[in-house]
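K.L.:
Just one file: my_file13.cif, with mmCIF, C-alpha atoms.
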data_data
#
loop_
_atom_site.label_atom_id
_atom_site.label_comp_id
_atom_site.auth_asym_id
_atom_site.auth_seq_id
_atom_site.Cartn_x
_atom_site.Cartn_y
_atom_site.Cartn_z
CA MET A 10 0.00 0.00 0.00
CA ARG A 11 2.83 2.40 0.86
CA ASN A 12 4.54 1.59 -2.45
CA LYS A 13 1.32 2.32 -4.31
CA GLU A 14 0.93 5.67 -2.54
CA ARG A 15 4.55 6.56 -3.27
CA ILE A 16 4.08 5.78 -6.98
CA ILE A 17 0.93 7.90 -7.10
CA ASN A 18 2.77 10.80 -5.44
CA GLN A 19 5.62 10.53 -7.92
CA VAL A 20 3.16 10.59 -10.83
CA ILE A 21 1.42 13.65 -9.37
CA ARG A 22 4.77 15.36 -8.92
CA LEU A 23 5.75 14.63 -12.53
CA VAL A 24 2.44 15.90 -13.90
CA THR A 25 2.70 19.03 -11.76
CA ALA A 26 6.28 19.66 -12.91
CA ILE A 27 5.19 19.34 -16.56
CA THR A 28 2.33 21.74 -15.89
CA LEU A 29 4.70 24.25 -14.29
CA VAL A 30 6.93 24.15 -17.37
CA ALA A 31 4.03 24.47 -19.77
CA VAL A 32 2.20 27.17 -17.82
CA PRO A 33 4.68 29.44 -16.04
CA ILE A 34 3.46 31.57 -13.17
CA ILE A 35 3.20 35.25 -14.02
CA ALA A 36 3.11 37.51 -11.00
CA LYS A 37 0.45 40.17 -11.22
CA ALA A 38 1.81 43.66 -11.75
CA ASP A 39 -1.24 45.48 -10.38
CA GLY A 40 -0.66 44.86 -6.69
CA PRO A 41 1.90 43.91 -4.03
CA LEU A 42 3.79 40.69 -4.66
CA GLY A 43 2.80 39.35 -1.27
CA LYS A 44 2.09 40.18 2.34
CA ARG A 45 4.53 40.77 5.19
CA ILE A 46 3.54 39.18 8.50
CA PRO A 47 5.74 39.31 11.64
CA LEU A 48 5.21 36.17 13.71
CA LYS A 49 5.15 35.91 17.49
CA ASN A 50 8.46 34.05 17.67
CA GLY A 51 10.31 36.75 15.71
CA MET A 52 10.18 35.22 12.23
CA ILE A 53 9.22 37.45 9.34
CA LEU A 54 6.73 35.70 7.05
CA LEU A 55 6.31 36.84 3.45
CA LEU A 56 3.27 35.20 1.92
CA SER A 57 2.12 35.05 -1.70
CA GLU A 58 -1.05 32.98 -2.09
CA LYS A 59 -1.36 31.19 -5.43
CA HIS A 60 -4.12 28.63 -5.62
CA ASP A 61 -3.97 27.67 -9.30
CA ILE A 62 -1.49 24.80 -8.71
CA PRO A 63 -1.58 22.51 -5.62
CA MET A 64 2.01 23.19 -4.57
CA VAL A 65 3.66 25.05 -1.70
CA THR A 66 7.18 26.51 -1.99
CA VAL A 67 9.13 27.77 1.02
CA ASN A 68 12.35 29.79 0.95
CA MET A 69 14.14 30.76 4.16
CA ALA A 70 17.07 33.12 4.77
CA LEU A 71 18.90 32.89 8.07
CA LYS A 72 21.50 35.35 9.30
CA ALA A 73 24.07 32.58 9.60
CA GLY A 74 26.27 33.04 6.57
CA ASN A 75 30.02 33.40 6.28
CA THR A 76 29.87 36.99 7.53
CA ALA A 77 28.65 35.66 10.89
CA GLU A 78 31.44 33.16 11.55
CA PRO A 79 34.49 33.92 13.71
CA GLN A 80 37.39 35.27 11.68
CA ASP A 81 39.66 32.44 12.82
CA LYS A 82 37.16 29.72 11.79
CA PRO A 83 36.61 30.10 8.04
CA GLY A 84 34.18 27.58 6.63
CA LEU A 85 32.33 27.03 9.91
CA ALA A 86 29.11 28.65 8.67
CA SER A 87 28.93 26.58 5.49
CA LEU A 88 29.76 23.36 7.31
CA THR A 89 27.09 24.05 9.93
CA ALA A 90 24.48 24.56 7.20
CA SER A 91 25.47 21.42 5.31
CA LEU A 92 25.30 19.28 8.45
CA LEU A 93 21.70 20.26 9.21
CA MET A 94 20.54 17.78 6.57
CA GLN A 95 22.82 15.05 7.93
CA GLY A 96 20.62 13.95 10.78
CA THR A 97 18.59 15.34 13.69
CA THR A 98 17.91 14.12 17.21
CA LYS A 99 14.77 12.48 15.77
CA ARG A 100 15.80 11.34 12.29
CA THR A 101 18.87 10.04 10.53
CA ALA A 102 19.96 11.63 7.25
CA SER A 103 18.70 8.62 5.29
CA ARG A 104 15.31 8.82 7.01
CA ILE A 105 15.00 12.52 6.17
CA ASN A 106 15.73 11.75 2.53
CA ARG A 107 13.30 8.80 2.48
CA GLU A 108 10.47 10.82 3.97
CA ILE A 109 10.83 13.80 1.62
CA ASP A 110 11.22 11.47 -1.39
CA PHE A 111 8.15 9.47 -0.38
CA ILE A 112 5.91 12.53 -0.72
CA GLY A 113 7.63 13.63 -3.93
CA GLY A 114 8.98 16.81 -2.38
CA SER A 115 12.35 18.52 -2.05
CA LEU A 116 14.18 19.84 1.01
CA SER A 117 17.61 21.44 1.23
CA VAL A 118 19.81 23.64 3.39
CA SER A 119 22.93 25.45 2.20
CA GLY A 120 25.39 28.10 3.33
CA GLY A 121 26.20 31.45 1.74
CA ASP A 122 28.16 34.64 2.25
CA ASP A 123 25.50 36.73 3.98
CA PHE A 124 22.83 34.16 4.78
CA ALA A 125 22.29 30.45 5.11
CA SER A 126 19.22 29.27 3.22
CA ALA A 127 16.66 26.50 3.47
CA SER A 128 14.06 25.51 0.91
CA LEU A 129 11.06 23.22 0.83
CA ARG A 130 8.74 22.27 -2.01
CA VAL A 131 5.78 19.93 -1.50
CA LEU A 132 2.32 19.19 -2.79
CA LYS A 133 -0.44 21.02 -0.95
CA LYS A 134 -1.69 17.82 0.68
CA ASP A 135 1.78 17.15 2.13
CA VAL A 136 2.47 20.59 3.57
CA LYS A 137 2.24 19.37 7.17
CA THR A 138 4.73 16.59 6.53
CA GLY A 139 7.02 19.08 4.79
CA MET A 140 6.83 21.54 7.67
CA ASP A 141 7.53 18.75 10.16
CA LEU A 142 10.71 17.82 8.26
CA LEU A 143 11.81 21.42 7.73
CA SER A 144 11.34 22.37 11.37
CA ASP A 145 13.09 19.21 12.58
CA VAL A 146 16.12 19.88 10.38
CA LEU A 147 16.40 23.50 11.54
CA MET A 148 15.57 23.02 15.21
CA ASN A 149 17.08 19.67 16.18
CA PRO A 150 20.44 19.12 14.47
CA ALA A 151 22.38 16.16 15.84
CA PHE A 152 25.86 17.17 14.65
CA ASP A 153 26.85 13.51 14.88
CA GLN A 154 30.64 13.17 15.04
CA ARG A 155 30.68 10.54 12.27
CA GLU A 156 28.80 12.88 9.96
CA ILE A 157 31.11 15.74 10.89
CA ASP A 158 34.18 13.66 10.05
CA ARG A 159 32.67 12.49 6.77
CA THR A 160 31.60 16.00 5.72
CA VAL A 161 35.01 17.46 6.58
CA LYS A 162 36.75 14.73 4.60
CA GLU A 163 34.52 15.37 1.57
CA ALA A 164 35.07 19.13 1.83
CA LEU A 165 38.84 18.74 1.92
CA ALA A 166 38.75 16.41 -1.09
CA GLU A 167 36.63 18.91 -3.03
CA ILE A 168 39.03 21.72 -2.15
CA GLN A 169 41.92 19.65 -3.45
CA ARG A 170 40.03 18.93 -6.67
CA GLN A 171 39.26 22.61 -7.25
CA LYS A 172 42.96 23.47 -7.07
CA GLU A 173 43.24 21.92 -10.54
CA GLU A 174 40.70 24.32 -12.06
CA PRO A 175 42.39 27.49 -13.39
CA GLU A 176 39.16 29.49 -13.23
CA THR A 177 38.72 28.68 -9.54
CA VAL A 178 42.37 29.49 -8.80
CA ALA A 179 41.99 32.88 -10.50
CA SER A 180 38.70 33.67 -8.74
CA GLU A 181 40.05 32.88 -5.28
CA ALA A 182 43.23 34.87 -5.78
CA PHE A 183 41.12 37.80 -6.98
CA ALA A 184 38.75 37.58 -3.99
CA LYS A 185 41.65 37.48 -1.53
CA ALA A 186 43.35 40.49 -3.15
CA VAL A 187 40.16 42.57 -3.28
CA PHE A 188 38.61 41.69 0.09
CA GLY A 189 41.60 40.80 2.27
CA LYS A 190 40.40 39.61 5.69
CA HIS A 191 36.76 40.40 4.95
CA PRO A 192 34.65 37.18 4.83
CA TYR A 193 34.04 37.70 1.10
CA GLY A 194 37.76 37.06 0.68
CA ILE A 195 37.82 33.62 2.32
CA THR A 196 39.53 31.07 0.08
CA SER A 197 39.52 27.29 0.01
CA ASP A 198 43.07 27.34 1.43
CA ASP A 199 41.77 29.26 4.45
CA VAL A 200 39.01 26.69 4.92
CA ALA A 201 41.37 23.75 4.42
CA ALA A 202 43.68 25.09 7.13
CA TYR A 203 40.83 25.30 9.66
CA LEU A 204 38.71 22.21 9.00
CA PRO A 205 41.16 19.65 10.47
CA LYS A 206 41.03 21.65 13.73
CA LEU A 207 37.23 21.94 13.79
CA ALA A 208 35.58 20.66 16.96
CA ARG A 209 31.96 19.64 17.39
CA GLN A 210 31.61 22.38 20.01
CA ASP A 211 32.40 24.97 17.30
CA LEU A 212 29.31 23.83 15.41
CA LEU A 213 27.13 23.79 18.51
CA ASP A 214 28.23 27.30 19.48
CA PHE A 215 27.72 28.73 16.00
CA TYR A 216 24.31 27.11 15.71
CA ARG A 217 23.18 28.41 19.11
CA GLN A 218 24.42 31.91 18.38
CA HIS A 219 22.97 32.36 14.90
CA TYR A 220 20.13 29.92 14.18
CA GLY A 221 16.78 30.99 15.56
CA PRO A 222 13.43 32.52 14.60
CA ASN A 223 14.60 36.06 15.32
CA ASN A 224 17.27 35.62 12.62
CA THR A 225 14.93 34.12 10.02
CA ILE A 226 12.98 35.33 7.01
CA ILE A 227 10.54 32.81 5.54
CA ALA A 228 8.83 33.29 2.18
CA VAL A 229 5.90 31.01 1.35
CA VAL A 230 4.37 30.88 -2.12
CA GLY A 231 1.55 28.63 -3.26
CA ASP A 232 -1.72 26.96 -2.41
CA VAL A 233 -2.02 27.94 1.23
CA LYS A 234 -4.10 30.54 3.06
CA GLU A 235 -2.78 33.08 5.55
CA LYS A 236 -4.41 31.64 8.69
CA GLU A 237 -3.36 28.14 7.70
CA ILE A 238 0.32 28.91 7.17
CA ILE A 239 0.55 31.07 10.30
CA ALA A 240 -0.93 28.22 12.34
CA LEU A 241 1.53 25.75 10.81
CA LEU A 242 4.56 27.96 11.44
CA ASN A 243 3.48 28.85 14.98
CA GLY A 244 2.90 25.17 15.68
CA TYR A 245 6.02 23.61 14.19
CA PHE A 246 8.46 26.36 15.19
CA LYS A 247 7.00 27.33 18.58
CA ASP A 248 9.87 25.79 20.56
CA TRP A 249 12.69 27.15 18.42
CA LYS A 250 15.06 29.06 20.69
CA ARG A 251 16.10 32.55 19.73
CA ALA A 252 19.55 33.12 18.25
CA GLU A 253 21.86 34.54 20.89
CA GLN A 254 24.35 36.70 19.02
CA PRO A 255 23.94 39.40 16.36
CA VAL A 256 26.24 39.38 13.35
CA GLN A 257 29.33 41.47 14.10
CA PRO A 258 30.78 44.02 11.62
CA SER A 259 33.26 42.54 9.17
CA PRO A 260 36.82 43.83 8.67
CA ALA A 261 37.02 46.46 5.94
CA PRO A 262 38.50 45.38 2.59
CA PRO A 263 41.96 46.80 1.84
CA LYS A 264 42.16 50.05 -0.09
CA VAL A 265 43.51 49.70 -3.62
CA ASP A 266 45.50 52.81 -4.58
CA ARG A 267 47.24 51.36 -7.64
CA THR A 268 46.91 48.52 -10.10
CA THR A 269 48.22 45.20 -8.80
CA VAL A 270 48.97 42.29 -11.12
CA LEU A 271 49.12 38.75 -9.72
CA LYS A 272 50.81 36.26 -12.04
CA LEU A 273 50.02 32.64 -11.20
CA GLU A 274 51.83 29.91 -13.09
CA LYS A 275 49.90 27.02 -14.61
CA ASN A 276 50.81 25.03 -17.69
CA ILE A 277 47.62 25.66 -19.67
CA THR A 278 46.85 26.88 -23.20
CA GLN A 279 44.17 29.41 -22.15
CA ALA A 280 45.02 32.23 -19.78
CA ASN A 281 42.33 32.78 -17.15
CA ILE A 282 42.03 36.47 -16.34
CA VAL A 283 40.00 38.14 -13.60
CA MET A 284 40.29 41.88 -13.13
CA GLY A 285 38.37 44.40 -11.06
CA ARG A 286 37.99 46.08 -7.69
CA ILE A 287 35.56 46.68 -4.84
CA GLY A 288 32.03 47.48 -6.01
CA ILE A 289 28.74 48.30 -4.28
CA SER A 290 26.16 46.79 -1.96
CA ARG A 291 22.66 45.87 -3.12
CA GLN A 292 21.16 48.61 -0.98
CA ASP A 293 23.29 51.35 -2.52
CA PRO A 294 21.07 53.97 -4.26
CA ASP A 295 23.44 53.77 -7.24
CA TYR A 296 22.63 50.09 -7.77
CA TYR A 297 20.23 50.69 -10.67
CA ALA A 298 22.49 53.10 -12.55
CA VAL A 299 25.38 50.69 -12.03
CA SER A 300 23.27 47.82 -13.38
CA ILE A 301 22.55 49.71 -16.60
CA MET A 302 26.13 50.91 -16.95
CA ASN A 303 27.48 47.39 -16.47
CA TYR A 304 24.99 45.97 -18.97
CA ILE A 305 26.44 48.29 -21.60
CA LEU A 306 30.04 47.65 -20.58
CA GLY A 307 30.10 43.88 -20.29
CA GLY A 308 26.98 42.45 -18.70
CA GLY A 309 24.77 42.49 -21.77
CA GLY A 310 26.14 39.45 -23.55
CA PHE A 311 26.62 39.89 -27.28
CA THR A 312 25.36 43.48 -27.13
CA SER A 313 28.02 44.66 -24.65
CA ARG A 314 31.05 46.76 -25.53
CA LEU A 315 33.56 44.26 -24.18
CA MET A 316 32.05 41.42 -26.22
CA ASP A 317 31.88 43.59 -29.33
CA ASN A 318 35.52 44.67 -29.04
CA ILE A 319 37.30 41.61 -27.69
CA ARG A 320 35.29 38.79 -29.25
CA ASP A 321 33.58 40.15 -32.36
CA ASN A 322 36.15 42.64 -33.62
CA ARG A 323 39.39 41.04 -32.45
CA GLY A 324 38.53 37.37 -32.01
CA LEU A 325 40.55 37.17 -28.80
CA ALA A 326 38.06 35.31 -26.61
CA TYR A 327 34.94 33.20 -26.90
CA ASP A 328 33.36 34.96 -23.92
CA VAL A 329 34.08 38.09 -21.92
CA HIS A 330 31.74 39.56 -19.35
CA SER A 331 31.67 42.00 -16.46
CA MET A 332 29.55 42.03 -13.35
CA PHE A 333 28.90 43.81 -10.07
CA SER A 334 28.34 41.25 -7.33
CA ALA A 335 26.10 43.41 -5.16
CA ARG A 336 25.50 41.75 -1.80
CA LYS A 337 24.56 42.81 1.72
CA GLU A 338 27.98 44.47 1.93
CA PRO A 339 29.87 45.87 -1.07
CA GLY A 340 30.88 43.04 -3.39
CA ALA A 341 33.29 43.15 -6.29
CA PHE A 342 33.24 44.53 -9.80
CA SER A 343 34.96 42.01 -12.03
CA VAL A 344 35.72 41.23 -15.66
CA ARG A 345 36.38 37.59 -16.51
CA ILE A 346 38.06 36.39 -19.70
CA GLN A 347 39.73 33.30 -21.07
CA THR A 348 42.10 33.82 -23.98
CA LYS A 349 45.22 32.33 -25.50
CA ASN A 350 48.31 32.89 -23.35
CA GLU A 351 49.83 34.96 -26.13
CA SER A 352 46.77 37.26 -26.23
CA ALA A 353 46.69 38.09 -22.52
CA ASN A 354 48.41 41.47 -22.84
CA GLU A 355 46.12 42.64 -25.63
CA VAL A 356 42.98 41.48 -23.84
CA ILE A 357 43.94 43.28 -20.62
CA SER A 358 44.81 46.44 -22.55
CA GLU A 359 41.52 46.46 -24.47
CA THR A 360 39.50 45.78 -21.33
CA LEU A 361 41.10 48.72 -19.52
CA LYS A 362 40.52 50.85 -22.60
CA GLU A 363 36.77 50.07 -22.54
CA ILE A 364 36.61 50.79 -18.82
CA GLY A 365 38.30 54.11 -19.44
CA ARG A 366 35.95 54.93 -22.31
CA ILE A 367 32.74 54.36 -20.35
CA ARG A 368 34.14 56.65 -17.61
CA SER A 369 35.05 59.46 -19.97
CA GLU A 370 32.23 59.77 -22.49
CA PRO A 371 28.45 59.40 -22.25
CA VAL A 372 26.88 56.25 -23.63
CA SER A 373 24.72 56.62 -26.75
CA ASP A 374 20.96 57.08 -26.56
CA LYS A 375 20.52 53.70 -28.26
CA GLU A 376 22.77 51.90 -25.78
CA LEU A 377 20.83 53.41 -22.89
CA ALA A 378 17.44 52.59 -24.45
CA ASP A 379 18.45 49.02 -25.27
CA ALA A 380 19.77 48.40 -21.75
CA LYS A 381 16.60 49.77 -20.16
CA ALA A 382 14.42 47.71 -22.50
CA TYR A 383 16.24 44.52 -21.59
CA LEU A 384 16.27 45.10 -17.83
CA THR A 385 12.58 46.03 -17.66
CA GLY A 386 11.47 43.46 -20.23
CA SER A 387 13.27 40.56 -18.56
CA PHE A 388 12.11 41.44 -15.06
CA ALA A 389 8.96 39.31 -15.34
CA LEU A 390 11.14 36.24 -15.95
CA ARG A 391 12.47 36.69 -12.42
CA MET A 392 8.97 35.91 -11.13
CA ASP A 393 7.70 33.18 -13.46
CA THR A 394 7.87 30.28 -10.98
CA SER A 395 6.96 29.86 -7.34
CA ALA A 396 10.61 29.33 -6.42
CA LYS A 397 11.62 32.60 -8.10
CA ILE A 398 8.81 34.50 -6.39
CA ALA A 399 9.87 33.08 -3.03
CA GLY A 400 13.44 34.14 -3.77
CA ILE A 401 12.53 37.68 -4.74
CA LEU A 402 10.27 38.02 -1.69
CA THR A 403 13.22 37.07 0.50
CA SER A 404 15.42 39.64 -1.26
CA ILE A 405 12.76 42.30 -0.86
CA GLU A 406 12.85 41.79 2.91
CA ILE A 407 16.64 41.56 3.16
CA TYR A 408 17.23 44.75 1.20
CA ASN A 409 14.12 46.63 2.35
CA LEU A 410 12.80 47.09 -1.20
CA GLY A 411 9.09 47.05 -0.38
CA LEU A 412 6.47 44.57 -1.54
CA ASP A 413 5.51 46.93 -4.37
CA TYR A 414 9.04 46.59 -5.77
CA PRO A 415 7.88 44.86 -9.00
CA GLN A 416 5.59 47.81 -9.71
CA LYS A 417 8.28 50.40 -8.90
CA TYR A 418 11.15 48.72 -10.76
CA PRO A 419 10.35 49.84 -14.35
CA ALA A 420 10.02 53.49 -13.30
CA ILE A 421 13.28 53.32 -11.33
CA ILE A 422 15.11 51.99 -14.38
CA GLN A 423 13.52 54.47 -16.77
CA ALA A 424 14.54 57.40 -14.53
CA VAL A 425 18.27 56.67 -14.96
CA THR A 426 20.03 59.14 -17.29
CA ARG A 427 23.20 59.11 -19.37
CA GLU A 428 24.67 61.52 -16.83
CA ASP A 429 23.92 59.02 -14.04
CA LEU A 430 25.82 56.32 -15.91
CA LEU A 431 28.84 58.57 -16.42
CA ARG A 432 28.79 59.55 -12.75
CA VAL A 433 28.68 55.96 -11.42
CA ALA A 434 31.28 54.78 -13.94
CA LYS A 435 33.68 57.44 -12.68
CA LYS A 436 32.84 56.57 -9.07
CA TYR A 437 33.08 52.77 -9.17
CA LEU A 438 35.45 52.05 -12.06
CA ASP A 439 39.10 53.06 -12.17
CA PRO A 440 41.51 51.45 -14.66
CA ASP A 441 44.45 52.80 -12.60
CA ARG A 442 43.31 51.11 -9.39
CA MET A 443 42.57 47.51 -10.25
CA VAL A 444 43.45 43.99 -9.21
CA ILE A 445 44.45 41.89 -12.22
CA VAL A 446 44.90 38.13 -11.74
CA VAL A 447 46.33 36.08 -14.59
CA VAL A 448 46.57 32.29 -14.33
CA ALA A 449 48.57 31.23 -17.35
CA ASN A 450 51.69 29.75 -18.81
CA GLN A 451 53.62 32.85 -17.87
CA GLU A 452 56.47 32.20 -20.27
CA LYS A 453 54.05 32.29 -23.19
CA ALA A 454 51.92 35.12 -21.79
CA LYS A 455 54.91 37.44 -21.29
CA LEU A 456 52.88 39.94 -19.30
CA LYS A 457 54.11 43.50 -19.62
CA ARG A 458 52.56 44.74 -16.40
#
Go through the file and emit its structure as structure tokens.

P.N.:
Amino acid sequence: MRNKERIINQVIRLVTAITLVAVPIIAKADGPLGKRIPLKNGMILLLSEKHDIPMVTVNMALKAGNTAEPQDKPGLASLTASLLMQGTTKRTASRINREIDFIGGSLSVSGGDDFASASLRVLKKDVKTGMDLLSDVLMNPAFDQREIDRTVKEALAEIQRQKEEPETVASEAFAKAVFGKHPYGITSDDVAAYLPKLARQDLLDFYRQHYGPNNTIIAVVGDVKEKEIIALLNGYFKDWKRAEQPVQPSPAPPKVDRTTVLKLEKNITQANIVMGRIGISRQDPDYYAVSIMNYILGGGGFTSRLMDNIRDNRGLAYDVHSMFSARKEPGAFSVRIQTKNESANEVISETLKEIGRIRSEPVSDKELADAKAYLTGSFALRMDTSAKIAGILTSIEIYNLGLDYPQKYPAIIQAVTREDLLRVAKKYLDPDRMVIVVVANQEKAKLKR
């Protein structure tokens, strides 16, 4: 009988998944995306009721990311998050997986720079089972020593494997140079040095200090009513103890007053280049102007200046792109390119030239119009599934954007001027104050810098 029920659930899940692909969710633009509801235990609930498909999607953000961990224990936050799914005081890891699989749902917990995250997706009829599993994972971690040892061993093996990937080597060297001792600059070498010294008490302390309802945002999207979900959350999370310690300020990134070139030797045919500097936070008022400016510079794919110059006109790279990684604290501006070793000098020179050009002369009216059209036109695609809506609701709360953000966004983008783009380019880009990392066969690259 249980096998029959499991098969039926799997069929329902498959049919629902096909339906979701065929009929994407389109968030209405004529009202708030959801409702904000503070709960008694300190959680912030963001609810978007959608009753057309019998599914419930949950996305949680917890102030327990890398920025919360002690400076001398890099990797502790991520390891804590990963171990939450490896057994509770009530269930083993295999039992958790069996129970979520039996109802055709999904459940996960992962770490991150600013926040840890948890997600749940279940059929409407299984929402109580899903909430029981989610609350158990978050409230009752076992931190079994055997699981700790296994997870540490796997993490160290993965770190060793990544050392063979030139792109990863370049990215980590860049992050360390730009962010220094700030948590955004933690590298796999830092983590590898700490993990063998990790004690179970480290995990218990970090969990107690940072996991709790007062540190949690929970977005719920789907076939559930307000009173129902509030009752479920109040019931399943009523005994969750409050987190004890607020996140402390992070060390400031080092100031870059000149261009620094890091040459890393690797016997490869393609040089991996990452270049950039400190950028902005997501809450910076300049975020929207920077987004448009970066789209024109190198974030707009085949329409960007960097792609047009370096790929289309010169044939020096298959792909080149720039980005501003805007997070809770200022992230990095970076340009990433792979090119032949022998082309590294020319690629770096042309990239700096394009950065200088966007700082010194206004963009064209067409470039500005095209960038605005793309950013406003593609915005709906960020809300076309329940999971994406849950994600954007979480971001709205984290960055205090307001639940009417989808309605405001087009007007915010349209208000940006050519003068705004020139101003932010001069403010956040500087070709004379950059970090340039080149992983290459240095003998063939013959870097001039």

K.L.:
In Å to one decimal, how far is CA of Thr98 (chain A) from CA of Asp110 (chain A)?

P.N.:
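According to the coordinates, CA of Asp110 (chain A) and CA of Thr98 (chain A) are separated by 19.9 Å.
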
K.L.:
CA of Ser334 (chain A) to CA of His191 (chain A): how many Å, to one decimal?

P.N.:
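Between CA of Ser334 (chain A) and CA of His191 (chain A) the gap is 14.9 Å.
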
K.L.:
From the list A:Glu363, A:Asp413, A:Ala380, A:Ile357, which residue is nearest Tyr304 (chain A) when using only C-alpha atoms?

P.N.:
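Once distances to Tyr304 (chain A) are computed over only C-alpha atoms, the minimum belongs to A:Ala380.
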
K.L.:
CA of Ile445 (chain A) and CA of Lys272 (chain A), how far apart in Å?

P.N.:
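Going from CA of Lys272 (chain A) over to CA of Ile445 (chain A), I get 8.5 Å.
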
K.L.:
Name the residues that the PyMOL selection byres ((chain A and resi 161) around 12) picks from the file above, as a ChimeraX atom specification, using the file's chain letters and numbers.

P.N.:
/A:84-85,87-89,91-92,154-160,162-168,200-209

K.L.:
Using all atoms listed in the file, pick whichever of A:Asp439, A:Gly189, A:Val447, A:Val65 has the shortest atom-to-atom distance to Arg267 (chain A).

P.N.:
A:Asp439

K.L.:
I'd like the box whose edges run along x, y and z of the file and which contains every listed atom of region 382-396 of chain A, padded by 5 Å per side; could you state its centre and edge lengths in Å, one decimal, as lines of an AutoDock Vina configuration file?

P.N.:
center_x = 11.6
center_y = 38.5
center_z = -14.5
size_x = 19.3
size_y = 28.4
size_z = 26.1

K.L.:
From the options A:Glu338, A:Asp374, A:Glu351, A:Asp123, which residue's atoms come nearest to Ile277 (chain A), counting all atoms listed in the file?

P.N.:
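Looking at the shortest contact to Ile277 (chain A), the residue is A:Glu351.
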
K.L.:
For the structure provided, state which residues fall under the PyMOL selection byres ((chain A and resi 286) around 9), and present them as a ChimeraX atom specification.

P.N.:
/A:183,186-188,265,284-285,287-288,340-343,437-439,442-445

K.L.:
What are the nearest atom pairs, with distances in Å to one decimal, for all residues of region 109-182 of chain A that come at most 12 Å from region 387-399 of chain A, using only C-alpha atoms, set out by chain and rising residue number as CSV?

P.N.:
residue,atom,partner,partner_atom,distance
A:Ser115,CA,A:Ala396,CA,11.8
A:Ser126,CA,A:Ala399,CA,11.9
A:Ala127,CA,A:Ala399,CA,11.5
A:Ser128,CA,A:Ala396,CA,9.0
A:Leu129,CA,A:Ala396,CA,9.5
A:Arg130,CA,A:Ala396,CA,8.5
A:Val131,CA,A:Ser395,CA,11.6

K.L.:
When the PyMOL selection byres ((chain A and resi 402) around 12) is applied to the structure above, which residues does it catch, written out as a ChimeraX atom specification?

P.N.:
/A:36,41-45,53-57,66-70,226-230,391-392,395-401,403-415

K.L.:
Now that the selection is made, can you save its residues with C-alpha atoms as a short mmCIF file (atom, residue, chain, number, x, y, z; two decimals), keeping the file's coordinate frame?

P.N.:
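Once written, again03.cif looks like this:
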data_model
loop_
_atom_site.label_atom_id
_atom_site.label_comp_id
_atom_site.auth_asym_id
_atom_site.auth_seq_id
_atom_site.Cartn_x
_atom_site.Cartn_y
_atom_site.Cartn_z
CA ALA A 36 3.11 37.51 -11.00
CA PRO A 41 1.90 43.91 -4.03
CA LEU A 42 3.79 40.69 -4.66
CA GLY A 43 2.80 39.35 -1.27
CA LYS A 44 2.09 40.18 2.34
CA ARG A 45 4.53 40.77 5.19
CA ILE A 53 9.22 37.45 9.34
CA LEU A 54 6.73 35.70 7.05
CA LEU A 55 6.31 36.84 3.45
CA LEU A 56 3.27 35.20 1.92
CA SER A 57 2.12 35.05 -1.70
CA THR A 66 7.18 26.51 -1.99
CA VAL A 67 9.13 27.77 1.02
CA ASN A 68 12.35 29.79 0.95
CA MET A 69 14.14 30.76 4.16
CA ALA A 70 17.07 33.12 4.77
CA ILE A 226 12.98 35.33 7.01
CA ILE A 227 10.54 32.81 5.54
CA ALA A 228 8.83 33.29 2.18
CA VAL A 229 5.90 31.01 1.35
CA VAL A 230 4.37 30.88 -2.12
CA ARG A 391 12.47 36.69 -12.42
CA MET A 392 8.97 35.91 -11.13
CA SER A 395 6.96 29.86 -7.34
CA ALA A 396 10.61 29.33 -6.42
CA LYS A 397 11.62 32.60 -8.10
CA ILE A 398 8.81 34.50 -6.39
CA ALA A 399 9.87 33.08 -3.03
CA GLY A 400 13.44 34.14 -3.77
CA ILE A 401 12.53 37.68 -4.74
CA THR A 403 13.22 37.07 0.50
CA SER A 404 15.42 39.64 -1.26
CA ILE A 405 12.76 42.30 -0.86
CA GLU A 406 12.85 41.79 2.91
CA ILE A 407 16.64 41.56 3.16
CA TYR A 408 17.23 44.75 1.20
CA ASN A 409 14.12 46.63 2.35
CA LEU A 410 12.80 47.09 -1.20
CA GLY A 411 9.09 47.05 -0.38
CA LEU A 412 6.47 44.57 -1.54
CA ASP A 413 5.51 46.93 -4.37
CA TYR A 414 9.04 46.59 -5.77
CA PRO A 415 7.88 44.86 -9.00
#

K.L.:
At a cut-off of 9 Å around the point (47.9, 32.9, -24.1) (file coordinates), what residues fall inside when counting all atoms listed in the file? I'd like the answer as a list in words.

P.N.:
Ile277, Thr278, Gln279, Ala280, Asn281, Gln347, Thr348, Lys349, Asn350, Glu351, Ser352, Ala353, Asn354, Ala449, Asn450, Gln451, Lys453, Ala454 and Lys455 of chain A

K.L.:
Go through A:Leu132, A:Leu315, A:Val448, A:Val256 and flag the residue nearest His60 (chain A), using all atoms listed in the file for the distances.

P.N.:
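Residue with the minimum atom-to-atom distance to His60 (chain A): A:Leu132.
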
K.L.:
Which residue is closest to Arg345 (chain A)? Choose from A:Ser180, A:Val270, A:Thr225, A:Asp145 and count all atoms listed in the file.

P.N.:
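The answer is A:Ser180, which sits nearest to Arg345 (chain A).
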
K.L.:
Skipping near chain neighbours, those fewer than 4 positions away, what residues fall within 12 Å of Asn106 (chain A) using only C-alpha atoms, listed as a ChimeraX atom specification?

P.N.:
/A:94-96,100-102,110-117,139,142-143,146

K.L.:
So which one's closest to Met302 (chain A), A:Asp199, A:Glu173, A:Glu235, A:Asp379? Using only C-alpha atoms, please.

P.N.:
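Comparing A:Asp199, A:Glu173, A:Glu235, A:Asp379 against Met302 (chain A), the winner is A:Asp379.
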